[in-house]
file run-v5.csv (CSV, C-alpha atoms)
chain,number,residue,atom,x,y,z
X,1,MET,CA,22.5,4.0,87.8
X,2,GLN,CA,24.9,1.2,87.3
X,3,LYS,CA,22.3,-1.3,88.4
X,4,THR,CA,19.8,0.1,85.9
X,5,VAL,CA,22.3,-0.2,83.0
X,6,GLU,CA,23.1,-3.8,83.9
X,7,ASP,CA,19.4,-4.6,84.1
X,8,LEU,CA,18.8,-3.1,80.6
X,9,ARG,CA,21.7,-5.1,79.2
X,10,ALA,CA,20.4,-8.3,80.7
X,11,GLU,CA,17.0,-7.6,79.2
X,12,ALA,CA,18.4,-6.8,75.8
X,13,SER,CA,20.4,-10.0,75.8
X,14,SER,CA,17.3,-11.9,76.7
X,15,HIS,CA,15.4,-10.3,73.9
X,16,GLU,CA,18.1,-11.1,71.4
X,17,GLU,CA,18.1,-14.8,72.5
X,18,ALA,CA,14.3,-14.9,72.1
X,19,LEU,CA,14.5,-13.2,68.7
X,20,GLN,CA,17.1,-15.7,67.5
X,21,GLY,CA,14.9,-18.5,68.7
X,22,ASN,CA,11.9,-17.1,66.9
X,23,ASN,CA,14.0,-16.7,63.7
X,24,ASP,CA,15.1,-20.3,63.9
X,25,GLU,CA,11.5,-21.4,64.4
X,26,TYR,CA,10.3,-19.2,61.5
X,27,GLN,CA,13.0,-20.7,59.1
X,28,GLN,CA,12.0,-24.2,60.1
X,29,LEU,CA,8.3,-23.6,59.6
X,30,SER,CA,8.9,-21.9,56.3
X,31,PHE,CA,11.0,-24.8,55.1
X,32,GLN,CA,8.3,-27.3,56.1
X,33,ILE,CA,5.6,-25.2,54.3
X,34,GLN,CA,7.7,-25.1,51.1
X,35,GLU,CA,8.3,-28.8,51.2
X,36,THR,CA,4.6,-29.5,51.8
X,37,ILE,CA,2.8,-26.9,49.5
X,38,SER,CA,5.2,-26.0,46.7
X,39,PRO,CA,5.0,-29.3,44.8
X,40,SER,CA,1.2,-29.1,45.0
X,41,VAL,CA,1.2,-25.5,43.7
X,42,SER,CA,3.5,-26.3,40.8
X,43,GLN,CA,1.4,-29.3,39.8
X,44,GLU,CA,-1.8,-27.3,40.0
X,45,ARG,CA,-0.2,-24.5,37.9
X,46,ALA,CA,0.8,-26.9,35.2
X,47,SER,CA,-2.6,-28.5,35.2
X,48,PHE,CA,-4.2,-25.1,34.9
X,49,SER,CA,-2.0,-24.1,31.9
X,50,GLU,CA,-2.9,-27.4,30.2
X,51,LEU,CA,-6.6,-26.8,30.7
X,52,VAL,CA,-6.3,-23.3,29.3
X,53,GLU,CA,-4.6,-24.6,26.2
X,54,LYS,CA,-7.2,-27.3,25.7
X,55,ARG,CA,-10.0,-24.8,26.1
X,56,ALA,CA,-8.4,-22.6,23.4
X,57,GLY,CA,-8.1,-25.6,21.1
X,58,VAL,CA,-11.8,-26.5,21.6
X,59,GLN,CA,-12.8,-22.8,21.0
X,60,ARG,CA,-10.9,-22.8,17.7
X,61,ALA,CA,-12.6,-26.0,16.6
X,62,VAL,CA,-16.0,-24.5,17.5
X,63,ASP,CA,-15.3,-21.4,15.5
X,64,LEU,CA,-14.3,-23.5,12.5
X,65,TYR,CA,-17.6,-25.5,12.7
X,66,LEU,CA,-19.6,-22.2,12.9
X,67,ARG,CA,-17.7,-20.8,9.9
X,68,LEU,CA,-18.4,-24.0,8.0
X,69,ASP,CA,-22.1,-23.8,8.8
X,70,LYS,CA,-22.2,-20.2,7.5
X,71,LEU,CA,-20.4,-21.1,4.3
X,72,ASN,CA,-22.8,-24.1,3.7
X,73,GLU,CA,-25.7,-21.7,4.2
X,74,ARG,CA,-24.3,-19.3,1.8
X,75,LYS,CA,-23.6,-22.0,-0.8
X,76,LEU,CA,-27.2,-23.3,-0.5
X,77,SER,CA,-28.5,-19.7,-0.9
X,78,LEU,CA,-26.5,-19.2,-4.1
X,79,GLU,CA,-27.6,-22.6,-5.5
X,80,GLN,CA,-31.2,-21.7,-4.8
X,81,ASP,CA,-30.8,-18.3,-6.5
X,82,ALA,CA,-29.3,-20.0,-9.5
X,83,ASP,CA,-32.2,-22.5,-9.7
X,84,GLU,CA,-34.7,-19.7,-9.6
X,85,THR,CA,-33.0,-17.7,-12.4
X,86,GLY,CA,-32.4,-20.7,-14.5
X,87,SER,CA,-28.7,-20.2,-14.8
X,88,PRO,CA,-25.9,-18.7,-12.7
X,89,SER,CA,-25.4,-14.9,-13.0
X,90,GLU,CA,-22.8,-13.9,-15.5
X,91,ILE,CA,-19.9,-11.8,-14.2
X,92,VAL,CA,-19.5,-8.6,-16.2
X,93,VAL,CA,-15.8,-7.9,-17.0
X,94,GLY,CA,-14.5,-4.7,-18.5
X,95,ILE,CA,-15.3,-1.0,-18.6
X,96,PRO,CA,-19.0,0.0,-18.9
X,97,ASP,CA,-19.7,1.8,-22.2
X,98,SER,CA,-20.6,5.0,-20.5
X,99,VAL,CA,-17.4,5.1,-18.5
X,100,ALA,CA,-15.3,4.1,-21.6
X,101,HIS,CA,-16.9,6.9,-23.6
X,102,GLU,CA,-16.4,9.6,-20.9
X,103,PHE,CA,-12.8,8.5,-20.4
X,104,SER,CA,-12.1,8.4,-24.1
X,105,LEU,CA,-13.3,12.0,-24.4
X,106,LYS,CA,-10.9,13.0,-21.6
X,107,VAL,CA,-8.0,11.4,-23.4
X,108,SER,CA,-9.0,13.2,-26.6
X,109,ARG,CA,-9.1,16.6,-24.8
X,110,LEU,CA,-5.7,16.0,-23.3
X,111,LEU,CA,-4.2,15.1,-26.7
X,112,LYS,CA,-5.7,18.2,-28.2
X,113,ALA,CA,-4.3,20.3,-25.4
X,114,TRP,CA,-0.8,18.9,-26.2
X,115,ASP,CA,-1.3,19.7,-29.9
X,116,PHE,CA,-1.1,16.0,-30.8
X,117,PRO,CA,-1.2,15.5,-34.6
X,118,GLY,CA,-4.6,14.6,-36.1
X,119,ASP,CA,-8.2,15.1,-35.1
X,120,CYS,CA,-7.6,13.3,-31.8
X,121,LEU,CA,-10.8,11.3,-32.1
X,122,VAL,CA,-10.5,8.6,-29.4
X,123,HIS,CA,-12.6,5.5,-28.5
X,124,PHE,CA,-11.9,2.4,-26.4
X,125,ASP,CA,-11.8,-0.9,-28.1
X,126,LYS,CA,-13.1,-3.6,-25.7
X,127,GLU,CA,-11.7,-6.5,-27.8
X,128,THR,CA,-8.1,-5.3,-27.6
X,129,SER,CA,-8.5,-3.4,-24.3
X,130,ASP,CA,-6.8,-0.4,-25.8
X,131,PHE,CA,-7.6,2.9,-27.4
X,132,VAL,CA,-8.1,3.8,-31.1
X,133,ILE,CA,-7.0,7.2,-32.1
X,134,ASP,CA,-8.2,8.7,-35.4
X,135,GLY,CA,-9.2,5.2,-36.5
X,136,LYS,CA,-5.8,3.7,-35.9
X,137,PRO,CA,-5.1,1.4,-32.9
X,138,ARG,CA,-2.8,3.1,-30.4
X,139,GLY,CA,-0.5,0.0,-30.3
X,140,SER,CA,0.1,0.0,-34.0
X,141,ARG,CA,1.7,3.4,-34.1
X,142,GLY,CA,5.4,4.2,-33.9
X,143,LYS,CA,7.3,3.7,-30.6
X,144,GLY,CA,7.4,7.5,-30.0
X,145,LEU,CA,3.6,8.0,-30.5
X,146,ARG,CA,2.9,5.0,-28.4
X,147,ALA,CA,4.9,6.5,-25.6
X,148,ILE,CA,3.2,9.9,-25.7
X,149,THR,CA,-0.3,8.4,-26.0
X,150,HIS,CA,0.5,6.0,-23.1
X,151,ALA,CA,1.4,9.1,-21.1
X,152,ALA,CA,-1.9,10.7,-22.1
X,153,VAL,CA,-3.9,7.7,-20.9
X,154,THR,CA,-2.0,7.5,-17.6
X,155,ILE,CA,-2.5,11.2,-16.8
X,156,SER,CA,-6.1,11.0,-17.9
X,157,LEU,CA,-6.7,8.1,-15.5
X,158,LEU,CA,-5.2,10.1,-12.6
X,159,GLU,CA,-7.4,13.1,-13.4
X,160,PHE,CA,-10.5,10.9,-14.0
X,161,CYS,CA,-10.1,9.3,-10.6
X,162,GLN,CA,-9.6,12.6,-8.9
X,163,GLU,CA,-12.7,14.1,-10.6
X,164,HIS,CA,-14.9,11.2,-9.6
X,165,ASP,CA,-13.5,10.7,-6.1
X,166,LEU,CA,-12.1,7.2,-7.1
X,167,PRO,CA,-9.0,5.7,-5.3
X,168,HIS,CA,-5.6,6.7,-6.7
X,169,PRO,CA,-2.2,7.2,-5.1
X,170,GLY,CA,-2.0,10.7,-6.5
X,171,PHE,CA,1.2,10.3,-8.4
X,172,ILE,CA,2.3,8.6,-11.6
X,173,VAL,CA,5.7,7.7,-13.2
X,174,LEU,CA,6.3,8.2,-16.9
X,175,ASP,CA,9.2,6.5,-18.6
X,176,SER,CA,10.4,8.5,-21.7
X,177,PRO,CA,7.1,9.9,-22.8
X,178,LEU,CA,8.8,12.1,-25.4
X,179,LEU,CA,10.7,9.3,-27.0
X,180,ALA,CA,9.7,10.3,-30.5
X,181,TYR,CA,11.8,13.5,-30.2
X,182,PHE,CA,15.2,11.8,-29.7
X,183,LYS,CA,14.6,8.3,-31.1
X,184,PRO,CA,11.9,8.4,-33.8
X,185,GLU,CA,10.6,5.2,-35.3
X,186,GLY,CA,8.8,5.3,-38.7
X,187,ASP,CA,6.6,7.9,-40.3
X,188,ASP,CA,4.3,8.2,-37.3
X,189,ASP,CA,7.0,9.6,-35.1
X,190,ALA,CA,8.1,11.9,-37.9
X,191,LEU,CA,4.8,13.7,-37.6
X,192,LEU,CA,6.1,15.3,-34.4
X,193,ARG,CA,9.0,17.0,-36.2
X,194,GLY,CA,8.6,20.7,-35.9
X,195,ALA,CA,5.6,20.3,-33.6
X,196,ASN,CA,5.3,22.1,-30.3
X,197,LEU,CA,4.0,19.0,-28.4
X,198,LYS,CA,7.0,18.9,-26.1
X,199,GLU,CA,6.4,22.5,-24.9
X,200,ARG,CA,2.6,22.0,-24.6
X,201,PHE,CA,3.2,18.7,-22.7
X,202,TYR,CA,5.3,20.4,-20.0
X,203,GLU,CA,3.1,23.5,-19.9
X,204,TYR,CA,0.0,21.3,-19.2
X,205,LEU,CA,1.8,19.4,-16.4
X,206,VAL,CA,3.0,22.6,-14.8
X,207,THR,CA,-0.4,24.1,-15.0
X,208,HIS,CA,-2.6,21.2,-13.9
X,209,HIS,CA,-0.3,19.0,-11.7
X,210,ASN,CA,1.6,21.3,-9.4
X,211,SER,CA,-0.3,20.8,-6.1
X,212,GLU,CA,-2.9,18.1,-5.9
X,213,SER,CA,-0.8,15.4,-7.7
X,214,GLN,CA,2.8,14.5,-8.7
X,215,VAL,CA,4.1,13.5,-12.0
X,216,ILE,CA,7.6,11.8,-12.1
X,217,ILE,CA,9.2,11.7,-15.5
X,218,ILE,CA,12.3,9.7,-16.5
X,219,GLU,CA,13.5,11.3,-19.7
X,220,ASN,CA,16.7,11.5,-21.8
X,221,GLN,CA,16.1,15.1,-22.8
X,222,HIS,CA,15.9,18.2,-20.6
X,223,PRO,CA,12.6,20.0,-20.4
X,224,PRO,CA,12.4,23.4,-22.2
X,225,ASP,CA,14.3,26.1,-20.4
X,226,THR,CA,11.1,28.2,-19.9
X,227,PHE,CA,9.8,25.5,-17.5
X,228,LEU,CA,12.9,24.7,-15.5
X,229,ASP,CA,12.0,27.1,-12.6
X,230,ALA,CA,8.6,25.3,-12.2
X,231,LEU,CA,10.1,21.8,-12.1
X,232,ASN,CA,12.3,19.8,-9.7
X,233,MET,CA,14.9,18.3,-12.0
X,234,THR,CA,17.6,15.8,-11.1
X,235,VAL,CA,20.4,15.1,-13.6
X,236,PHE,CA,22.1,11.7,-13.6
X,237,THR,CA,25.6,12.3,-14.9
X,238,GLY,CA,26.8,8.7,-15.2
X,239,ASN,CA,30.0,9.9,-13.5
X,240,PRO,CA,30.5,9.1,-9.8
X,241,ASN,CA,32.8,12.1,-9.5
X,242,GLU,CA,30.4,14.6,-10.9
X,243,GLY,CA,26.9,15.4,-9.5
X,244,ARG,CA,24.6,12.4,-9.0
X,245,ALA,CA,25.8,9.5,-11.0
X,246,GLY,CA,22.6,7.5,-11.2
X,247,PHE,CA,19.3,6.7,-9.6
X,248,LEU,CA,20.8,4.2,-7.2
call {"tool": "encode", "arguments": {"input": "run-v5.csv", "output": "structure tokens"}}
result
Amino acid sequence: MQKTVEDLRAEASSHEEALQGNNDEYQQLSFQIQETISPSVSQERASFSELVEKRAGVQRAVDLYLRLDKLNERKLSLEQDADETGSPSEIVVGIPDSVAHEFSLKVSRLLKAWDFPGDCLVHFDKETSDFVIDGKPRGSRGKGLRAITHAAVTISLLEFCQEHDLPHPGFIVLDSPLLAYFKPEGDDDALLRGANLKERFYEYLVTHHNSESQVIIIENQHPPDTFLDALNMTVFTGNPNEGRAGFL
């Protein structure tokens, strides 16, 4: 038994010496490989990266030339079309008459729904790019009536876009549309004294814009009490110690 243990220990010692020798040889060979191959690999890697960048630059140049060719072809085609027609096509700017008429009728119906003073006959003047109401340009009226008619046009545009599936964000912001009630200017604004336009204005918004759209109103006067439950109202107190002081 003792002899067997001694033989095993001698064999183990021999294997350890052989293993150490193999490790030393492995380390030496690995070092030689690194010295021989690594510089070449690094150089080839750098050369490859440089070639990739050059190829990308050449591809960009080719794309630019192709784009230039297409633009030249397009230019030539347009010039030929102009020669055939005798003169370049004129670009039509503005609102088509049919659209202007339909939109004017919508503004008219909205003003009537608000009980706006007058007959509410509306048409679009292409020269001034504004509306004429009852024969009087909208911009020539008092500040208060300009504000309420501006609100009518803005809301009509929202509804017109929705009815015709035209792009619109779905919300509008009106700044002091009822200005004539608390800061009248001239005889035009005086026409609203005693009128129920304010009530009809909020009644219309509550009825027609409570789900598919949003109307944000910045106003100095509170809405009528009868509509407070149907509105989301925020009061700016101007006092940092009471409620919400301001918008920001």
call {"tool": "residues_around", "arguments": {"input": "run-v5.csv", "residues": "Gln162 in chain X", "least_positions_apart": "5", "cutoff": "12 Å", "atoms": "all atoms listed in the file", "output": "JSON, numbers by chain"}}
result
{"X": [155, 156, 157, 167, 168, 169, 170, 171, 209, 212, 213]}
call {"tool": "write_last_selection", "arguments": {"input": "run-v5.csv", "atoms": "C-alpha atoms", "output": "PDB file, keeping the file's coordinate frame"}}
result
ATOM      1  CA  ILE X 155      -2.500  11.200 -16.800  1.00  0.00           C
ATOM      2  CA  SER X 156      -6.100  11.000 -17.900  1.00  0.00           C
ATOM      3  CA  LEU X 157      -6.700   8.100 -15.500  1.00  0.00           C
ATOM      4  CA  PRO X 167      -9.000   5.700  -5.300  1.00  0.00           C
ATOM      5  CA  HIS X 168      -5.600   6.700  -6.700  1.00  0.00           C
ATOM      6  CA  PRO X 169      -2.200   7.200  -5.100  1.00  0.00           C
ATOM      7  CA  GLY X 170      -2.000  10.700  -6.500  1.00  0.00           C
ATOM      8  CA  PHE X 171       1.200  10.300  -8.400  1.00  0.00           C
ATOM      9  CA  HIS X 209      -0.300  19.000 -11.700  1.00  0.00           C
ATOM     10  CA  GLU X 212      -2.900  18.100  -5.900  1.00  0.00           C
ATOM     11  CA  SER X 213      -0.800  15.400  -7.700  1.00  0.00           C
TER      12      SER X 213
END
call {"tool": "closest_residue", "arguments": {"input": "run-v5.csv", "among": "X:Leu179, X:Ala12, X:Leu121, X:Val62", "to": "Arg109 in chain X", "atoms": "only C-alpha atoms"}}
result
X:Leu121
call {"tool": "atom_distance", "arguments": {"input": "run-v5.csv", "atom1": "CA of Tyr204 in chain X", "atom2": "CA of Ala113 in chain X"}}
result
7.6 Å
call {"tool": "atom_distance", "arguments": {"input": "run-v5.csv", "atom1": "CA of Pro117 in chain X", "atom2": "CA of Ile218 in chain X"}}
result
23.3 Å
call {"tool": "atom_distance", "arguments": {"input": "run-v5.csv", "atom1": "CA of His150 in chain X", "atom2": "CA of Asn210 in chain X"}}
result
20.6 Å
call {"tool": "decode", "arguments": {"input": "run-v5.csv", "residues": "range 188-235 of chain X", "atoms": "N, CA and C atoms", "output": "JSON list (two decimals), in the first residue's frame"}}
result
[["chain", "number", "residue", "atom", "x", "y", "z"],
["X", 188, "ASP", "N", -70.85, 100.50, -33.57],
["X", 188, "ASP", "CA", -71.05, 99.09, -33.96],
["X", 188, "ASP", "C", -71.15, 98.19, -32.74],
["X", 189, "ASP", "N", -70.24, 98.37, -31.80],
["X", 189, "ASP", "CA", -70.27, 97.53, -30.60],
["X", 189, "ASP", "C", -71.50, 97.80, -29.75],
["X", 190, "ALA", "N", -72.03, 99.04, -29.84],
["X", 190, "ALA", "CA", -73.21, 99.39, -29.05],
["X", 190, "ALA", "C", -74.43, 98.60, -29.50],
["X", 191, "LEU", "N", -74.38, 98.03, -30.71],
["X", 191, "LEU", "CA", -75.51, 97.25, -31.20],
["X", 191, "LEU", "C", -75.76, 96.00, -30.36],
["X", 192, "LEU", "N", -74.73, 95.55, -29.66],
["X", 192, "LEU", "CA", -74.87, 94.34, -28.85],
["X", 192, "LEU", "C", -75.46, 94.59, -27.48],
["X", 193, "ARG", "N", -75.64, 95.86, -27.12],
["X", 193, "ARG", "CA", -76.23, 96.16, -25.81],
["X", 193, "ARG", "C", -77.66, 95.64, -25.76],
["X", 194, "GLY", "N", -77.92, 94.85, -24.76],
["X", 194, "GLY", "CA", -79.26, 94.28, -24.62],
["X", 194, "GLY", "C", -79.49, 93.05, -25.46],
["X", 195, "ALA", "N", -78.54, 92.69, -26.32],
["X", 195, "ALA", "CA", -78.70, 91.49, -27.15],
["X", 195, "ALA", "C", -78.34, 90.24, -26.34],
["X", 196, "ASN", "N", -78.83, 89.11, -26.79],
["X", 196, "ASN", "CA", -78.55, 87.86, -26.09],
["X", 196, "ASN", "C", -77.47, 87.06, -26.81],
["X", 197, "LEU", "N", -76.59, 87.74, -27.55],
["X", 197, "LEU", "CA", -75.55, 87.06, -28.30],
["X", 197, "LEU", "C", -74.63, 86.26, -27.38],
["X", 198, "LYS", "N", -74.33, 86.82, -26.21],
["X", 198, "LYS", "CA", -73.43, 86.12, -25.29],
["X", 198, "LYS", "C", -74.01, 84.77, -24.89],
["X", 199, "GLU", "N", -75.28, 84.73, -24.55],
["X", 199, "GLU", "CA", -75.91, 83.47, -24.16],
["X", 199, "GLU", "C", -75.99, 82.50, -25.33],
["X", 200, "ARG", "N", -76.34, 83.03, -26.51],
["X", 200, "ARG", "CA", -76.46, 82.16, -27.69],
["X", 200, "ARG", "C", -75.09, 81.63, -28.11],
["X", 201, "PHE", "N", -74.05, 82.43, -27.90],
["X", 201, "PHE", "CA", -72.68, 82.03, -28.23],
["X", 201, "PHE", "C", -72.28, 80.79, -27.41],
["X", 202, "TYR", "N", -72.45, 80.87, -26.09],
["X", 202, "TYR", "CA", -72.07, 79.74, -25.24],
["X", 202, "TYR", "C", -73.01, 78.55, -25.45],
["X", 203, "GLU", "N", -74.27, 78.81, -25.68],
["X", 203, "GLU", "CA", -75.21, 77.73, -25.92],
["X", 203, "GLU", "C", -74.81, 76.94, -27.17],
["X", 204, "TYR", "N", -74.38, 77.65, -28.20],
["X", 204, "TYR", "CA", -73.96, 76.99, -29.44],
["X", 204, "TYR", "C", -72.72, 76.12, -29.19],
["X", 205, "LEU", "N", -71.75, 76.65, -28.48],
["X", 205, "LEU", "CA", -70.52, 75.90, -28.23],
["X", 205, "LEU", "C", -70.80, 74.64, -27.40],
["X", 206, "VAL", "N", -71.63, 74.79, -26.37],
["X", 206, "VAL", "CA", -71.95, 73.64, -25.52],
["X", 206, "VAL", "C", -72.68, 72.57, -26.33],
["X", 207, "THR", "N", -73.53, 72.99, -27.24],
["X", 207, "THR", "CA", -74.33, 72.05, -28.02],
["X", 207, "THR", "C", -73.53, 71.36, -29.11],
["X", 208, "HIS", "N", -72.66, 72.12, -29.81],
["X", 208, "HIS", "CA", -72.01, 71.60, -31.00],
["X", 208, "HIS", "C", -70.54, 71.19, -30.81],
["X", 209, "HIS", "N", -69.94, 71.57, -29.69],
["X", 209, "HIS", "CA", -68.50, 71.30, -29.53],
["X", 209, "HIS", "C", -68.20, 70.75, -28.15],
["X", 210, "ASN", "N", -68.90, 69.71, -27.80],
["X", 210, "ASN", "CA", -68.68, 69.10, -26.48],
["X", 210, "ASN", "C", -68.06, 67.71, -26.56],
["X", 211, "SER", "N", -67.77, 67.22, -27.79],
["X", 211, "SER", "CA", -67.20, 65.88, -27.88],
["X", 211, "SER", "C", -66.16, 65.76, -28.99],
["X", 212, "GLU", "N", -66.48, 66.16, -30.20],
["X", 212, "GLU", "CA", -65.59, 65.95, -31.34],
["X", 212, "GLU", "C", -64.56, 67.05, -31.51],
["X", 213, "SER", "N", -64.63, 68.10, -30.72],
["X", 213, "SER", "CA", -63.70, 69.22, -30.86],
["X", 213, "SER", "C", -63.56, 69.92, -29.51],
["X", 214, "GLN", "N", -62.61, 70.85, -29.44],
["X", 214, "GLN", "CA", -62.37, 71.59, -28.19],
["X", 214, "GLN", "C", -62.18, 73.06, -28.52],
["X", 215, "VAL", "N", -62.89, 73.89, -27.78],
["X", 215, "VAL", "CA", -62.80, 75.35, -27.94],
["X", 215, "VAL", "C", -62.26, 75.93, -26.64],
["X", 216, "ILE", "N", -61.09, 76.56, -26.71],
["X", 216, "ILE", "CA", -60.47, 77.19, -25.54],
["X", 216, "ILE", "C", -60.69, 78.69, -25.65],
["X", 217, "ILE", "N", -61.30, 79.28, -24.63],
["X", 217, "ILE", "CA", -61.64, 80.70, -24.66],
["X", 217, "ILE", "C", -60.91, 81.42, -23.53],
["X", 218, "ILE", "N", -60.21, 82.48, -23.89],
["X", 218, "ILE", "CA", -59.58, 83.36, -22.91],
["X", 218, "ILE", "C", -60.43, 84.62, -22.86],
["X", 219, "GLU", "N", -61.11, 84.83, -21.75],
["X", 219, "GLU", "CA", -62.11, 85.91, -21.67],
["X", 219, "GLU", "C", -62.03, 86.60, -20.32],
["X", 220, "ASN", "N", -62.40, 87.88, -20.29],
["X", 220, "ASN", "CA", -62.36, 88.66, -19.06],
["X", 220, "ASN", "C", -63.65, 88.57, -18.26],
["X", 221, "GLN", "N", -64.70, 88.08, -18.87],
["X", 221, "GLN", "CA", -65.98, 87.92, -18.18],
["X", 221, "GLN", "C", -66.33, 86.45, -18.06],
["X", 222, "HIS", "N", -67.02, 86.11, -16.99],
["X", 222, "HIS", "CA", -67.44, 84.72, -16.80],
["X", 222, "HIS", "C", -68.60, 84.39, -17.74],
["X", 223, "PRO", "N", -68.70, 83.12, -18.15],
["X", 223, "PRO", "CA", -69.86, 82.70, -18.95],
["X", 223, "PRO", "C", -71.13, 82.83, -18.11],
["X", 224, "PRO", "N", -72.29, 82.82, -18.75],
["X", 224, "PRO", "CA", -73.55, 82.84, -17.99],
["X", 224, "PRO", "C", -73.63, 81.66, -17.04],
["X", 225, "ASP", "N", -74.26, 81.88, -15.89],
["X", 225, "ASP", "CA", -74.33, 80.83, -14.86],
["X", 225, "ASP", "C", -75.00, 79.56, -15.36],
["X", 226, "THR", "N", -75.91, 79.69, -16.31],
["X", 226, "THR", "CA", -76.65, 78.51, -16.78],
["X", 226, "THR", "C", -75.76, 77.51, -17.51],
["X", 227, "PHE", "N", -74.57, 77.94, -17.92],
["X", 227, "PHE", "CA", -73.69, 77.04, -18.68],
["X", 227, "PHE", "C", -72.45, 76.61, -17.90],
["X", 228, "LEU", "N", -72.33, 77.03, -16.66],
["X", 228, "LEU", "CA", -71.12, 76.73, -15.90],
["X", 228, "LEU", "C", -70.92, 75.23, -15.70],
["X", 229, "ASP", "N", -72.01, 74.49, -15.52],
["X", 229, "ASP", "CA", -71.88, 73.05, -15.29],
["X", 229, "ASP", "C", -71.40, 72.31, -16.54],
["X", 230, "ALA", "N", -71.60, 72.92, -17.71],
["X", 230, "ALA", "CA", -71.22, 72.27, -18.97],
["X", 230, "ALA", "C", -69.84, 72.69, -19.45],
["X", 231, "LEU", "N", -69.17, 73.59, -18.70],
["X", 231, "LEU", "CA", -67.88, 74.11, -19.11],
["X", 231, "LEU", "C", -66.81, 73.73, -18.09],
["X", 232, "ASN", "N", -65.59, 73.73, -18.53],
["X", 232, "ASN", "CA", -64.44, 73.55, -17.65],
["X", 232, "ASN", "C", -63.75, 74.91, -17.52],
["X", 233, "MET", "N", -64.03, 75.63, -16.45],
["X", 233, "MET", "CA", -63.56, 77.00, -16.32],
["X", 233, "MET", "C", -62.45, 77.11, -15.28],
["X", 234, "THR", "N", -61.39, 77.84, -15.63],
["X", 234, "THR", "CA", -60.28, 78.12, -14.73],
["X", 234, "THR", "C", -60.18, 79.62, -14.55],
["X", 235, "VAL", "N", -60.20, 80.07, -13.30],
["X", 235, "VAL", "CA", -60.13, 81.50, -13.00],
["X", 235, "VAL", "C", -58.71, 81.86, -12.59]]
